[in-house]
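Shown next: structure-v2.cif, given as mmCIF, C-alpha atoms.
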data_final
loop_
_atom_site.group_PDB
_atom_site.id
_atom_site.type_symbol
_atom_site.label_atom_id
_atom_site.label_comp_id
_atom_site.auth_asym_id
_atom_site.auth_seq_id
_atom_site.Cartn_x
_atom_site.Cartn_y
_atom_site.Cartn_z
ATOM 1 C CA MET A 1 2.929 -11.661 -26.258
ATOM 2 C CA THR A 2 2.246 -11.795 -22.519
ATOM 3 C CA ALA A 3 -1.220 -11.989 -21.026
ATOM 4 C CA PRO A 4 -2.528 -8.824 -19.359
ATOM 5 C CA LEU A 5 -2.202 -8.624 -15.611
ATOM 6 C CA THR A 6 -5.432 -9.540 -13.858
ATOM 7 C CA ILE A 7 -6.488 -7.603 -10.797
ATOM 8 C CA ARG A 8 -9.204 -8.862 -8.489
ATOM 9 C CA VAL A 9 -10.654 -8.169 -5.058
ATOM 10 C CA ALA A 10 -9.142 -10.192 -2.209
ATOM 11 C CA GLU A 11 -11.227 -12.782 -0.388
ATOM 12 C CA ALA A 12 -10.983 -14.213 3.123
ATOM 13 C CA ALA A 13 -9.153 -17.251 1.722
ATOM 14 C CA ASP A 14 -6.323 -14.934 0.571
ATOM 15 C CA VAL A 15 -5.399 -13.621 4.030
ATOM 16 C CA ASP A 16 -2.477 -15.952 4.781
ATOM 17 C CA SER A 17 -0.988 -15.525 1.308
ATOM 18 C CA LEU A 18 -1.420 -11.751 1.480
ATOM 19 C CA LEU A 19 0.265 -11.666 4.879
ATOM 20 C CA ALA A 20 3.273 -13.524 3.464
ATOM 21 C CA LEU A 21 3.370 -11.188 0.443
ATOM 22 C CA VAL A 22 3.272 -8.023 2.556
ATOM 23 C CA HIS A 23 6.013 -9.236 4.875
ATOM 24 C CA SER A 24 8.186 -10.341 1.953
ATOM 25 C CA ALA A 25 7.974 -6.888 0.388
ATOM 26 C CA TYR A 26 8.497 -4.828 3.530
ATOM 27 C CA ARG A 27 10.538 -6.728 6.069
ATOM 28 C CA GLY A 28 13.102 -9.457 6.455
ATOM 29 C CA PRO A 29 15.697 -10.839 4.057
ATOM 30 C CA SER A 30 13.385 -11.174 1.042
ATOM 31 C CA GLY A 31 12.378 -7.531 1.361
ATOM 32 C CA ARG A 32 15.983 -6.530 0.754
ATOM 33 C CA GLU A 33 15.738 -8.096 -2.715
ATOM 34 C CA GLY A 34 13.410 -5.287 -3.779
ATOM 35 C CA TRP A 35 13.769 -1.546 -3.536
ATOM 36 C CA THR A 36 10.715 -0.956 -1.319
ATOM 37 C CA SER A 37 11.987 -2.658 1.833
ATOM 38 C CA GLU A 38 11.623 -1.035 5.229
ATOM 39 C CA ALA A 39 13.865 -3.700 6.804
ATOM 40 C CA ASP A 40 16.577 -1.173 7.649
ATOM 41 C CA LEU A 41 14.065 1.245 9.178
ATOM 42 C CA ILE A 42 11.519 -0.875 11.053
ATOM 43 C CA ASP A 43 11.706 -4.231 12.800
ATOM 44 C CA GLY A 44 8.843 -6.647 13.377
ATOM 45 C CA PRO A 45 5.695 -7.399 11.406
ATOM 46 C CA ARG A 46 4.188 -4.969 8.888
ATOM 47 C CA THR A 47 0.691 -6.203 9.811
ATOM 48 C CA THR A 48 -0.937 -9.142 11.544
ATOM 49 C CA ARG A 49 -3.216 -11.891 10.323
ATOM 50 C CA ALA A 50 -6.054 -10.553 12.487
ATOM 51 C CA LEU A 51 -5.681 -6.986 11.173
ATOM 52 C CA LEU A 52 -5.497 -8.180 7.580
ATOM 53 C CA ALA A 53 -8.551 -10.441 8.003
ATOM 54 C CA ALA A 54 -10.471 -7.501 9.487
ATOM 55 C CA ASP A 55 -9.497 -5.328 6.517
ATOM 56 C CA VAL A 56 -10.666 -7.961 4.027
ATOM 57 C CA ALA A 57 -14.016 -8.153 5.866
ATOM 58 C CA ASP A 58 -14.486 -4.368 6.195
ATOM 59 C CA PRO A 59 -16.913 -3.014 3.543
ATOM 60 C CA SER A 60 -15.121 0.359 3.474
ATOM 61 C CA ILE A 61 -11.831 -1.336 2.501
ATOM 62 C CA THR A 62 -11.100 -3.091 -0.769
ATOM 63 C CA ILE A 63 -7.876 -5.032 -1.073
ATOM 64 C CA LEU A 64 -6.870 -5.545 -4.676
ATOM 65 C CA VAL A 65 -4.681 -8.479 -5.697
ATOM 66 C CA ALA A 66 -2.543 -8.495 -8.856
ATOM 67 C CA GLY A 67 -2.031 -11.732 -10.756
ATOM 68 C CA ASP A 68 -1.118 -14.809 -8.769
ATOM 69 C CA LEU A 69 -0.411 -12.753 -5.631
ATOM 70 C CA LEU A 70 2.260 -10.676 -7.339
ATOM 71 C CA GLY A 71 1.096 -7.627 -5.443
ATOM 72 C CA CYS A 72 -1.674 -6.050 -3.416
ATOM 73 C CA ALA A 73 -3.028 -2.660 -2.439
ATOM 74 C CA ALA A 74 -5.835 -1.442 -0.202
ATOM 75 C CA VAL A 75 -8.311 1.312 -0.968
ATOM 76 C CA THR A 76 -10.263 2.678 1.983
ATOM 77 C CA LEU A 77 -13.311 4.820 1.291
ATOM 78 C CA PRO A 78 -15.894 5.354 4.015
ATOM 79 C CA ALA A 79 -19.514 5.490 2.849
ATOM 80 C CA GLY A 80 -20.296 8.948 1.490
ATOM 81 C CA GLY A 81 -16.651 9.998 1.503
ATOM 82 C CA ASP A 82 -14.889 11.650 -1.405
ATOM 83 C CA THR A 83 -11.275 11.034 -0.331
ATOM 84 C CA ALA A 84 -9.960 7.489 -0.605
ATOM 85 C CA SER A 85 -6.901 6.277 1.243
ATOM 86 C CA PHE A 86 -4.290 4.114 -0.491
ATOM 87 C CA GLY A 87 -2.225 1.679 1.542
ATOM 88 C CA LEU A 88 -0.994 -1.866 2.167
ATOM 89 C CA PHE A 89 0.842 -1.559 -1.130
ATOM 90 C CA ALA A 90 3.173 -4.471 -1.718
ATOM 91 C CA VAL A 91 4.768 -6.042 -4.780
ATOM 92 C CA ARG A 92 6.662 -9.321 -4.580
ATOM 93 C CA PRO A 93 10.370 -8.376 -4.550
ATOM 94 C CA GLY A 94 11.278 -10.583 -7.531
ATOM 95 C CA VAL A 95 8.826 -8.780 -9.830
ATOM 96 C CA GLN A 96 9.333 -5.190 -8.690
ATOM 97 C CA GLN A 97 10.102 -2.723 -11.473
ATOM 98 C CA GLY A 98 8.091 -4.839 -13.917
ATOM 99 C CA GLY A 99 4.904 -2.739 -14.011
ATOM 100 C CA VAL A 100 2.894 -4.601 -11.363
ATOM 101 C CA GLY A 101 3.002 -1.677 -8.927
ATOM 102 C CA THR A 102 1.959 0.868 -11.526
ATOM 103 C CA ALA A 103 -0.910 -1.371 -12.665
ATOM 104 C CA LEU A 104 -2.075 -1.837 -9.067
ATOM 105 C CA LEU A 105 -1.894 1.877 -8.327
ATOM 106 C CA ARG A 106 -3.963 2.688 -11.432
ATOM 107 C CA ALA A 107 -6.491 -0.048 -10.575
ATOM 108 C CA ALA A 108 -6.770 1.359 -7.048
ATOM 109 C CA GLU A 109 -7.384 4.851 -8.446
ATOM 110 C CA ASP A 110 -10.017 3.519 -10.849
ATOM 111 C CA HIS A 111 -11.696 1.604 -8.027
ATOM 112 C CA ALA A 112 -11.756 4.687 -5.794
ATOM 113 C CA ARG A 113 -13.070 6.864 -8.629
ATOM 114 C CA ASP A 114 -15.793 4.311 -9.451
ATOM 115 C CA ARG A 115 -16.908 4.441 -5.799
ATOM 116 C CA GLY A 116 -17.171 8.236 -5.833
ATOM 117 C CA ALA A 117 -13.770 9.399 -4.628
ATOM 118 C CA ARG A 118 -12.412 12.630 -6.043
ATOM 119 C CA THR A 119 -9.057 12.430 -4.292
ATOM 120 C CA MET A 120 -6.629 9.647 -3.413
ATOM 121 C CA GLU A 121 -4.516 10.192 -0.313
ATOM 122 C CA MET A 122 -1.601 8.228 1.051
ATOM 123 C CA CYS A 123 0.908 8.440 3.854
ATOM 124 C CA VAL A 124 4.531 7.498 3.193
ATOM 125 C CA ILE A 125 7.279 7.323 5.796
ATOM 126 C CA ASP A 126 9.225 10.539 5.266
ATOM 127 C CA ARG A 127 12.509 8.617 5.311
ATOM 128 C CA ARG A 128 11.606 7.028 1.964
ATOM 129 C CA PRO A 129 12.507 9.758 -0.576
ATOM 130 C CA GLU A 130 12.882 7.223 -3.416
ATOM 131 C CA LEU A 131 9.360 5.910 -2.791
ATOM 132 C CA ILE A 132 7.896 9.407 -2.523
ATOM 133 C CA ALA A 133 9.599 10.261 -5.840
ATOM 134 C CA TRP A 134 8.028 7.142 -7.431
ATOM 135 C CA TYR A 135 4.561 8.361 -6.407
ATOM 136 C CA GLU A 136 5.335 11.896 -7.592
ATOM 137 C CA ARG A 137 6.244 10.546 -11.042
ATOM 138 C CA ARG A 138 2.755 9.016 -11.089
ATOM 139 C CA GLY A 139 0.958 12.272 -10.384
ATOM 140 C CA TYR A 140 0.950 12.487 -6.581
ATOM 141 C CA THR A 141 1.997 15.661 -4.801
ATOM 142 C CA ARG A 142 3.110 16.339 -1.264
ATOM 143 C CA THR A 143 0.545 18.330 0.648
ATOM 144 C CA GLY A 144 3.094 19.714 3.089
ATOM 145 C CA GLU A 145 1.229 17.938 5.884
ATOM 146 C CA THR A 146 2.921 15.331 8.038
ATOM 147 C CA ARG A 147 1.304 12.885 10.420
ATOM 148 C CA PRO A 148 2.838 11.145 13.413
ATOM 149 C CA PHE A 149 3.971 7.554 13.146
ATOM 150 C CA PRO A 150 1.645 5.319 15.200
ATOM 151 C CA TYR A 151 4.289 4.131 17.665
ATOM 152 C CA GLY A 152 3.075 1.168 19.706
ATOM 153 C CA ASP A 153 0.110 0.321 17.484
ATOM 154 C CA GLU A 154 -0.402 -3.311 16.617
ATOM 155 C CA GLY A 155 0.914 -4.321 13.225
ATOM 156 C CA VAL A 156 3.232 -1.409 12.464
ATOM 157 C CA GLY A 157 6.468 -2.859 13.760
ATOM 158 C CA GLU A 158 9.145 -1.186 15.835
ATOM 159 C CA PRO A 159 10.864 1.761 14.147
ATOM 160 C CA ARG A 160 14.601 2.206 14.603
ATOM 161 C CA GLY A 161 14.177 5.757 15.791
ATOM 162 C CA ASP A 162 11.755 7.959 17.649
ATOM 163 C CA ASP A 163 11.279 10.681 15.041
ATOM 164 C CA PHE A 164 9.416 8.908 12.223
ATOM 165 C CA ARG A 165 6.632 10.811 10.470
ATOM 166 C CA PHE A 166 4.407 10.252 7.465
ATOM 167 C CA ALA A 167 4.457 12.605 4.505
ATOM 168 C CA VAL A 168 0.939 13.038 3.098
ATOM 169 C CA LEU A 169 0.559 12.840 -0.677
ATOM 170 C CA THR A 170 -2.593 13.279 -2.762
ATOM 171 C CA ARG A 171 -3.769 12.993 -6.326
ATOM 172 C CA ASP A 172 -6.870 14.515 -7.881
ATOM 173 C CA LEU A 173 -8.970 11.707 -9.378
ATOM 174 C CA SER A 174 -11.637 13.916 -10.927
ATOM 175 C CA GLY A 175 -9.680 14.969 -14.007
#
Mind turning the file's structure into structure tokens?
Amino acid sequence: MTAPLTIRVAEAADVDSLLALVHSAYRGPSGREGWTSEADLIDGPRTTRALLAADVADPSITILVAGDLLGCAAVTLPAGGDTASFGLFAVRPGVQQGGVGTALLRAAEDHARDRGARTMEMCVIDRRPELIAWYERRGYTRTGETRPFPYGDEGVGEPRGDDFRFAVLTRDLSG
């Protein structure tokens, strides 16, 4: 019998390891080992050390860490808000499709719900139909809204195209 997956809140000491995890899941050669890679869509870093350190320090953002840095996810919920934002979702390529992502997503939903959120929202690059379908199988629905890609912003990389958009998905957490 295997031990249950532990999920904890990230600390400042985790920043460098989290940065390596996020880049391994999204970009570069190791990202191609998993199915969530953006390496064929976007060049450059997925985030920066400074941005990640600021997120860890921000009281409106909670970064959850699964196991021994097997994965991470961020939940952003401004004080008094009732819609949480899900992001920075990364699972180490070698353990993808093993339940880590699903466990992290559920932990993020529980965390948001415990802090008063009634809805979880996320933005997914619209060129990722397989990823959108994964979220839909877990109860998320497309809102029909799209948002522009933040071209030129620090820590988003350089898309291989000028027509990227985000599809907005939500899930009701109150039920």
Handout entry: Gap from CA of Leu51 (chain A) to CA of Thr141 (chain A) - Å, one decimal
Key = 28.8 Å
Problem - Among listed residues A:Pro159, A:Gly67, A:Pro148, A:Gly44, nearest Val95 (chain A) (using all atoms listed in the file) - result: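 Closest to Val95 (chain A), using all atoms listed in the file: A:Gly67.
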Practice task
State, in Å with one decimal place, the distance from CA of Arg49 (chain A) to CA of Val15 (chain A).
Solution key: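 CA of Val15 (chain A) lies 6.9 Å from CA of Arg49 (chain A).
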Practice task
Evaluate the PyMOL selection byres ((chain A and resi 150-153) around 10) on the structure here and hand back the selected residues as a PyMOL selection string.
Solution key: chain A and resi 147-149+154-159+162-166
Hey, can you spit out that residue selection with C-alpha atoms as a PDB file, keeping the file's coordinate frame?
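Result went into out_11.pdb, see below:
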ATOM      1  CA  ARG A 147       1.304  12.885  10.420  1.00  0.00           C
ATOM      2  CA  PRO A 148       2.838  11.145  13.413  1.00  0.00           C
ATOM      3  CA  PHE A 149       3.971   7.554  13.146  1.00  0.00           C
ATOM      4  CA  GLU A 154      -0.402  -3.311  16.617  1.00  0.00           C
ATOM      5  CA  GLY A 155       0.914  -4.321  13.225  1.00  0.00           C
ATOM      6  CA  VAL A 156       3.232  -1.409  12.464  1.00  0.00           C
ATOM      7  CA  GLY A 157       6.468  -2.859  13.760  1.00  0.00           C
ATOM      8  CA  GLU A 158       9.145  -1.186  15.835  1.00  0.00           C
ATOM      9  CA  PRO A 159      10.864   1.761  14.147  1.00  0.00           C
ATOM     10  CA  ASP A 162      11.755   7.959  17.649  1.00  0.00           C
ATOM     11  CA  ASP A 163      11.279  10.681  15.041  1.00  0.00           C
ATOM     12  CA  PHE A 164       9.416   8.908  12.223  1.00  0.00           C
ATOM     13  CA  ARG A 165       6.632  10.811  10.470  1.00  0.00           C
ATOM     14  CA  PHE A 166       4.407  10.252   7.465  1.00  0.00           C
TER      15      PHE A 166
END
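Straight-line separation from CA of Thr143 (chain A) to CA of Pro45 (chain A): 28.4 Å.
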Practice task
Find the residues near region 98-106 of chain A: any atom within 10 Å, counting only C-alpha atoms, skip ones fewer than 5 places away on the same chain, and give them as an MDAnalysis selection string.
Solution key: chainID A and resid 5:7 64:67 70:75 86:87 89:92 111:112 134:135 138
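Near (-15.0, -4.2, 6.9), the residues that fall inside 12 Å on the basis of all atoms listed in the file are Glu11, Ala12, Leu51, Leu52, Ala53, Ala54, Asp55, Val56, Ala57, Asp58, Pro59, Ser60, Ile61, Thr62, Ile63, Ala74, Val75, Thr76, Leu77, Pro78 and Ala79 of chain A.
For Glu136 (chain A), the non-local neighbours within 10 Å, defined as residues at least 4 positions apart in the same chain or in other chains and counting all atoms listed in the file, are A:Glu130, A:Leu131, A:Ile132, A:Tyr140, A:Thr141, A:Arg142, A:Leu169, A:Thr170, A:Arg171.
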Problem - Residue with smallest distance to Glu38 (chain A) - pool A:Arg118, A:Arg128, A:Arg113, A:Arg137, counting only C-alpha atoms - result: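 Closest to Glu38 (chain A) of all the choices is A:Arg128.
Under the PyMOL selection byres ((chain A and resi 173) around 8), the matching residues in the shown file are Glu109, Arg113, Ala117, Arg118, Thr119, Met120, Arg171, Asp172, Ser174 and Gly175 of chain A.
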Completion exercise
One residue among A:Leu69, A:Gly161, A:Val9, A:Met122 is nearest to Pro93 (chain A) when using all atoms listed in the file, and that residue is A:Leu69
